[in-house]
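Here the structure is laid out as structure tokens; the discussion comes afterwards.
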Amino acid sequence: MKKKIWKYLSLLRVGVLEEMQFRLGAAVRLFGNIIYLIIIYFLWKAIFDSSPTEVVNGMTFTDTMIYLVLASALFSTMEMYVTWQMGRSVQSGNIVMDLLRPMGYTTYNLFVFSGNTLVSVFVNLIPTMIIVYLITSGGFALSWNLLFFMAAVFMGTILNFFINFFVGIICFYTESIWGINIMKEVVVMLLSGASIPLAFFPETLQRIVYYLPFQAIYNTPLTLLIDNHLSTTERLSMLGIQLFWLVIVGAVSQVFLRVSMKRITVNGG
Amino acid sequence: MEPIITLKNVSKEFKVLNRHEGLKGSVKDLFSRDYKIIKAVNDISMEIMPGEICGYLGPNGAGKSTTIKMMTGVLEPTAGEIIVNGRVPYKNRTENAQNIGVVFGQRSQLWWSLPLIESFKLLKDIYQIEDKQYKDMMELYESLVDIKSLYSKPVRQMSLGQRTLSDILAAFLHNPGVVFLDEPTIGLDVSMKSKIRDLIKALNHEKNTTVILTTHDMGDVDALCKRIVIIDKGVMLYDNSIENLKSFFGAYRTMRLRFTKDASELTEEALKKQAEELSANLLQKYPQVKSLSVSVDEDWIDVLLNEDEIPLMKVMHHIQETKRIYDVQLKEISTESVIKKIYDKDIK
């Protein structure tokens with residue numbers, strides 16, 4: 001039993017090691033994130049300046065900035081290159097090596113990519129949260145909400161993995177990656193509330209978005225962290241919805257994988 | 001003894017879209033349902049015994065890799081039955097993976113960005129190798145090749161030879177019953193090739209591991225295999241020992257000729273031209289002799305013939321009448337030429 005756990009933990013460890021190999025990459029990404037934050041700062045400042053009231057769609061400028069800074073930190077933390085990786089390995093035929101690991105293809109990928117994310121949590125998410133907390137002198141509460149937030153980030157990461165994984169399987173058929181990936185990124189970025197707070201969406205769109213799995217990735221953890229007015233029941237039901245999507249998307253992607261495996265042809269050789 | 005691998009009438013078909021040319025054609029392809037069926041492997045049967053090193057040969061595109069992928073469980077055969085280690089590979093891919101090792105010459109199962117030793121440690125964990133077995137294996141490796149110096153090197157910084165060596169060690173690490181080596185010596189220099197052959201031989205000997213080896217290098221075959229299976233266009237052409245193959249072609253001789261005094265002065269084109277002239281000449285003189293063929297090997301011109309059909313001396317005599325021969329060597333037929341003969345289907 002102990003051995004069995006090691007099998008997976010060491011994959012997680014490799015994900016961590018892999019991520020840490022590329023110090024320069026992390027530095028460049030940090031730089032990119034700072035530029036992104038400067039852009040959204042001025043963009044939203046202009047939006048609020050042109051508004052007659054200080055509160056737009058129930059959010060002040062500070063609220064919006066806290067949301068967006070944390071959203072961008074969360075986005076780059078959870079960002080997984082699963083789809084790219086899968087698409088590339090199908091194109092090159094290298095997928096054969098992953099299929100020959102003595103464990104399921106999904107499990108293998110899930111643990112390695114979670115290892116990547118784990119590093120990001122420590123070098124990206126937590127530092128950003130500390131900075132935001134210090135600058136806004138208490139922009140979010142330090143209480144039970146942190147626990148809910150952690151649970152939601154954990155489930156959000158796995159949900160995000162399964163969505164990526166699902167799109168990755170589409171690459172088995174198309175053998176092209178770029179277009180599919182860009183589409184996925186745009187859809188997820190918009191509908192998850194990672195680039196614009198969902199409160200700013202038109203009402204109809206808002207309602208549609210709440211019935212889609214994407215908002216459970218970023219919006220759920222962020223709302224649980226920032227919004228102080230939620231009751232425990234509301235919080236638990238948000239986690240419940242997240243779990244629901246996790247199970248559904250996970251199951252669908254597994255069925256899709258099984259069907260696709262039957263017709264997979266491995267390139268090369 | 002029970003065979004460790006059994007293939008019974010195995011076939012594999014691929015459905016491929018018929019592509020059209022040009023812009024108009026590629027738009028048409030988007031909606032096309034015009035598929036053609038390609039038979040990559042056609043009705044192949046064989047049995048491989050534990051501890052064997054079996055050479056699996058064939059020209060490019062013969063269906064070798066497809067067969068290997070079916071034996072590893074990555075591809076499902078369209079028809080027929082495959083049993084490896086008592087399991088049907090494509091039905092139990094992950095269980096099967098636990099008991100096989102695979103090296104594809106152009107790919108790597110190692111983690112690109114990590115030092116080699118990390119990859120080994122990870123393999124130890126995911127294959128759940130016992131501490132003692134792992135230690136023994138590493139000691140064996142260190143006694144066979146100079147691997148210690150590579151432990152801290154990230155795989156992406158390795159030379160192709162070092163990487164292939166590491167990949168082979170990785171494939172044997174969990175002591176699998178069968179190891180598939182798909183063109184392991186591709187692109188390697190002579191000394192690395194021989195190093196890798198020695199390593200494969202030693203590991204096969206130490207652990208009695210069954211090895212299925214595909215290669216285009218006859219040096220690999222001569223050094224490692226007692227038995228070879230040859231396929232072309234998906235069809236099995238030969239399955240027997242190398243000895244048998246050579247005795248079958250026993251009356252074949254290779255005559256190696258040089259028509260210039262200093263062969264190193266000759267350019268490759270000039271040599272090829274000489275060979276072509278000779279070939280045309282011989283074809284004209286002996287149109288009925290089917291076994292006669294001329295080829296260029298390094299700075300020699302090789303004339304291959306079957307002495308049952310035509311005496312070698314007679315041909316040499318004829319050549320001498322038309323051209324001055326500066327140097328000559330006689331050789332038995334090489335494995336390479338035998339296999340080339342089978343590929344070209346000169347002889348049935």
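By order in the structure tokens, chains are A, B, ...; within a chain, residues start at 1; ligands start at 1, following the order shown.
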| request: Identify all chain B residues at most 10 Å from chain A by counting only C-alpha atoms; ligands do not count. Present them as a PyMOL selection string. | output: chain B and resi 14-15+60-61+63-66+69+72-76+90+93-115+118-119+121-130+154+182-183
Write a file of the selected residues as a PDB file, in the first residue's frame, keeping C-alpha atoms.
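selection.pdb, written as the output of this step:
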ATOM      1  CA  PHE B  14      -5.262   1.696 -41.303  1.00  0.00           C
ATOM      2  CA  LYS B  15      -7.935   3.862 -42.788  1.00  0.00           C
ATOM      3  CA  ASN B  60      11.312   1.186 -44.306  1.00  0.00           C
ATOM      4  CA  GLY B  61       7.558   1.064 -44.082  1.00  0.00           C
ATOM      5  CA  GLY B  63       5.254  -2.770 -40.851  1.00  0.00           C
ATOM      6  CA  LYS B  64       7.907  -3.479 -38.220  1.00  0.00           C
ATOM      7  CA  SER B  65       7.029  -0.662 -35.866  1.00  0.00           C
ATOM      8  CA  THR B  66       3.339  -1.378 -36.292  1.00  0.00           C
ATOM      9  CA  LYS B  69       3.231  -1.276 -31.258  1.00  0.00           C
ATOM     10  CA  THR B  72       3.241  -3.458 -26.651  1.00  0.00           C
ATOM     11  CA  GLY B  73      -0.496  -2.851 -26.605  1.00  0.00           C
ATOM     12  CA  VAL B  74      -0.504   0.653 -28.068  1.00  0.00           C
ATOM     13  CA  LEU B  75      -2.269  -0.506 -31.221  1.00  0.00           C
ATOM     14  CA  GLU B  76      -5.071  -2.999 -31.455  1.00  0.00           C
ATOM     15  CA  TYR B  90      -4.085  -4.068 -26.021  1.00  0.00           C
ATOM     16  CA  ARG B  93      -1.984  -2.155 -21.711  1.00  0.00           C
ATOM     17  CA  THR B  94      -0.933  -0.912 -18.289  1.00  0.00           C
ATOM     18  CA  GLU B  95      -0.449  -4.406 -16.788  1.00  0.00           C
ATOM     19  CA  ASN B  96       1.492  -5.414 -19.874  1.00  0.00           C
ATOM     20  CA  ALA B  97       3.630  -2.277 -19.575  1.00  0.00           C
ATOM     21  CA  GLN B  98       4.742  -3.458 -16.140  1.00  0.00           C
ATOM     22  CA  ASN B  99       6.407  -6.489 -17.727  1.00  0.00           C
ATOM     23  CA  ILE B 100       7.917  -5.078 -20.889  1.00  0.00           C
ATOM     24  CA  GLY B 101      10.601  -2.551 -21.670  1.00  0.00           C
ATOM     25  CA  VAL B 102      10.626  -0.430 -24.801  1.00  0.00           C
ATOM     26  CA  VAL B 103      13.225   1.650 -26.602  1.00  0.00           C
ATOM     27  CA  PHE B 104      12.277   3.517 -29.731  1.00  0.00           C
ATOM     28  CA  GLY B 105      15.486   4.796 -31.262  1.00  0.00           C
ATOM     29  CA  GLN B 106      14.135   8.240 -32.041  1.00  0.00           C
ATOM     30  CA  ARG B 107      12.158   8.744 -28.864  1.00  0.00           C
ATOM     31  CA  SER B 108      12.931   8.780 -25.190  1.00  0.00           C
ATOM     32  CA  GLN B 109      11.038   7.644 -22.144  1.00  0.00           C
ATOM     33  CA  LEU B 110      13.325   9.687 -19.917  1.00  0.00           C
ATOM     34  CA  TRP B 111      12.344  13.031 -18.469  1.00  0.00           C
ATOM     35  CA  TRP B 112      13.886  15.578 -20.760  1.00  0.00           C
ATOM     36  CA  SER B 113      14.746  18.288 -18.277  1.00  0.00           C
ATOM     37  CA  LEU B 114      15.832  16.117 -15.354  1.00  0.00           C
ATOM     38  CA  PRO B 115      19.208  14.608 -14.500  1.00  0.00           C
ATOM     39  CA  GLU B 118      16.117  11.338 -11.224  1.00  0.00           C
ATOM     40  CA  SER B 119      14.583   9.495 -14.158  1.00  0.00           C
ATOM     41  CA  LYS B 121      14.588   6.941  -9.348  1.00  0.00           C
ATOM     42  CA  LEU B 122      11.218   7.796 -10.783  1.00  0.00           C
ATOM     43  CA  LEU B 123      11.134   4.614 -12.834  1.00  0.00           C
ATOM     44  CA  LYS B 124      11.965   2.709  -9.655  1.00  0.00           C
ATOM     45  CA  ASP B 125       8.888   4.201  -8.020  1.00  0.00           C
ATOM     46  CA  ILE B 126       6.423   3.886 -10.866  1.00  0.00           C
ATOM     47  CA  TYR B 127       7.412   0.312 -11.647  1.00  0.00           C
ATOM     48  CA  GLN B 128       7.544  -0.362  -7.893  1.00  0.00           C
ATOM     49  CA  ILE B 129      10.974  -1.931  -8.059  1.00  0.00           C
ATOM     50  CA  GLU B 130      12.254  -3.374  -4.772  1.00  0.00           C
ATOM     51  CA  PRO B 154      20.023  16.382 -17.739  1.00  0.00           C
ATOM     52  CA  ASP B 182      13.139  -0.407 -32.245  1.00  0.00           C
ATOM     53  CA  GLU B 183      16.199   0.749 -34.181  1.00  0.00           C
TER      54      GLU B 183
END
| message | If we count only C-alpha atoms and set the cut-off at 10 Å, which residues sit around Gln254 in chain A, ignoring sequence neighbours fewer than 6 positions away in its own chain? Please answer as a list in words. | response |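 Residues meeting the cut-off are Thr106, Phe162, Phe165, Phe166, Ile169, Ile248 and Ser260 of chain A.
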| task | Fewer than 2 positions away in the same chain doesn't count, so skip those; otherwise give me all residues within 8 Å of range 144-153 of chain A, counting only C-alpha atoms, as an MDAnalysis selection string. | result | chainID A and resid 141:142 155:157 217:218 220:222 224:225 235 239 242
Residue subset to file, keeping N, CA and C atoms, as an mmCIF file, in the first residue's frame:
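Final output, result-v4.cif:
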data_model
loop_
_atom_site.group_PDB
_atom_site.id
_atom_site.type_symbol
_atom_site.label_atom_id
_atom_site.label_comp_id
_atom_site.auth_asym_id
_atom_site.auth_seq_id
_atom_site.Cartn_x
_atom_site.Cartn_y
_atom_site.Cartn_z
ATOM 1 N N ALA A 141 -10.467 38.678 4.011
ATOM 2 C CA ALA A 141 -10.412 38.266 5.409
ATOM 3 C C ALA A 141 -9.425 37.111 5.580
ATOM 4 N N LEU A 142 -8.836 37.027 6.785
ATOM 5 C CA LEU A 142 -7.965 35.894 7.102
ATOM 6 C C LEU A 142 -8.709 35.021 8.087
ATOM 7 N N MET A 155 -9.788 21.670 -6.041
ATOM 8 C CA MET A 155 -10.743 21.078 -6.988
ATOM 9 C C MET A 155 -10.697 21.783 -8.338
ATOM 10 N N GLY A 156 -10.502 23.110 -8.282
ATOM 11 C CA GLY A 156 -10.416 23.882 -9.519
ATOM 12 C C GLY A 156 -9.255 23.416 -10.394
ATOM 13 N N THR A 157 -8.137 23.090 -9.733
ATOM 14 C CA THR A 157 -6.965 22.614 -10.480
ATOM 15 C C THR A 157 -7.293 21.324 -11.222
ATOM 16 N N ILE A 217 -13.734 27.040 -12.110
ATOM 17 C CA ILE A 217 -12.266 26.968 -12.009
ATOM 18 C C ILE A 217 -11.707 28.151 -11.213
ATOM 19 N N TYR A 218 -12.013 29.377 -11.687
ATOM 20 C CA TYR A 218 -11.400 30.547 -11.051
ATOM 21 C C TYR A 218 -12.393 31.346 -10.207
ATOM 22 N N THR A 220 -15.108 30.469 -8.527
ATOM 23 C CA THR A 220 -15.478 29.882 -7.243
ATOM 24 C C THR A 220 -14.423 30.130 -6.157
ATOM 25 N N PRO A 221 -13.150 29.765 -6.398
ATOM 26 C CA PRO A 221 -12.176 30.042 -5.339
ATOM 27 C C PRO A 221 -12.057 31.526 -5.009
ATOM 28 N N LEU A 222 -12.098 32.385 -6.047
ATOM 29 C CA LEU A 222 -11.938 33.820 -5.797
ATOM 30 C C LEU A 222 -13.096 34.364 -4.984
ATOM 31 N N LEU A 224 -15.021 32.727 -2.972
ATOM 32 C CA LEU A 224 -14.910 32.194 -1.611
ATOM 33 C C LEU A 224 -13.874 32.945 -0.794
ATOM 34 N N LEU A 225 -12.848 33.444 -1.468
ATOM 35 C CA LEU A 225 -11.787 34.165 -0.763
ATOM 36 C C LEU A 225 -12.211 35.593 -0.426
ATOM 37 N N ARG A 235 -21.433 28.853 0.803
ATOM 38 C CA ARG A 235 -20.057 28.418 0.501
ATOM 39 C C ARG A 235 -20.009 26.933 0.186
ATOM 40 N N LEU A 239 -18.931 24.895 -3.313
ATOM 41 C CA LEU A 239 -17.975 23.785 -3.413
ATOM 42 C C LEU A 239 -18.664 22.556 -4.010
ATOM 43 N N GLN A 242 -18.876 22.858 -7.658
ATOM 44 C CA GLN A 242 -17.532 22.599 -8.203
ATOM 45 C C GLN A 242 -17.257 21.099 -8.280
#
| message | Set the distance at 10 Å and use only C-alpha atoms: which residues neighbour Val121 in chain A once local chain neighbours fewer than 3 positions away are removed? I'd like the list as a PyMOL selection string. | response | chain A and resi 73-74+76-78+116-118+124-128+153
Selection to disk with C-alpha atoms, as a short mmCIF file (atom, residue, chain, number, x, y, z; two decimals), in the first residue's frame:
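So the final result, stored in selection-v3.cif, reads:
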data_model
loop_
_atom_site.label_atom_id
_atom_site.label_comp_id
_atom_site.auth_asym_id
_atom_site.auth_seq_id
_atom_site.Cartn_x
_atom_site.Cartn_y
_atom_site.Cartn_z
CA ALA A 73 -2.22 35.02 -10.18
CA LEU A 74 -4.60 32.09 -9.94
CA SER A 76 -1.04 31.62 -14.18
CA THR A 77 -0.76 29.24 -11.24
CA MET A 78 -3.33 26.82 -12.56
CA ASN A 116 3.97 21.75 -11.95
CA THR A 117 1.02 23.58 -10.36
CA LEU A 118 2.21 22.88 -6.84
CA ASN A 124 3.30 32.65 -7.63
CA LEU A 125 -0.04 32.43 -5.84
CA ILE A 126 0.97 32.74 -2.20
CA PRO A 127 3.42 35.65 -2.74
CA THR A 128 0.78 37.52 -4.76
CA VAL A 153 -8.23 25.81 -5.62
#
| request: Going by DSSP on the backbone, which bits of range 6-191 of chain A are helix (DSSP H, G or I)? Write them as a VMD selection string, please. | output: chain A and resid 6 to 21 23 to 49 61 to 78 82 to 92 95 to 99 105 to 135 144 to 174 178 to 191
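The list of residues with at least one atom within 8 Å of range 193-207 of chain B, based on only C-alpha atoms and without residues fewer than 2 positions apart in the same chain, reads Gly51, Ile53, Leu144, Val145, Leu165, Phe172, Asn175, Thr185, Leu188, Asp189, Val190, Ser191, Thr209, Thr210, Val211, Asp220, Ala223 and Leu224 of chain B.
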| query | Between B:His318, B:Lys91, B:Tyr35, B:Met46, which is the closest to Arg258 in chain A once you count only C-alpha atoms? | reply |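 For Arg258 in chain A, the nearest of the candidates is B:Lys91.
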| request: Tell me which protein, DNA and RNA residues are within 8 Å of Ser195 in chain A, counting only C-alpha atoms, leaving out same-chain ones fewer than 5 positions away, and put them as a PyMOL selection string. | output: chain A and resi 68+71-72+189-190
| Quick one: distance from CA of Asn228 in chain A to CA of Gly139 in chain A in Å, one decimal? |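 Going from CA of Asn228 in chain A over to CA of Gly139 in chain A, I get 10.5 Å.
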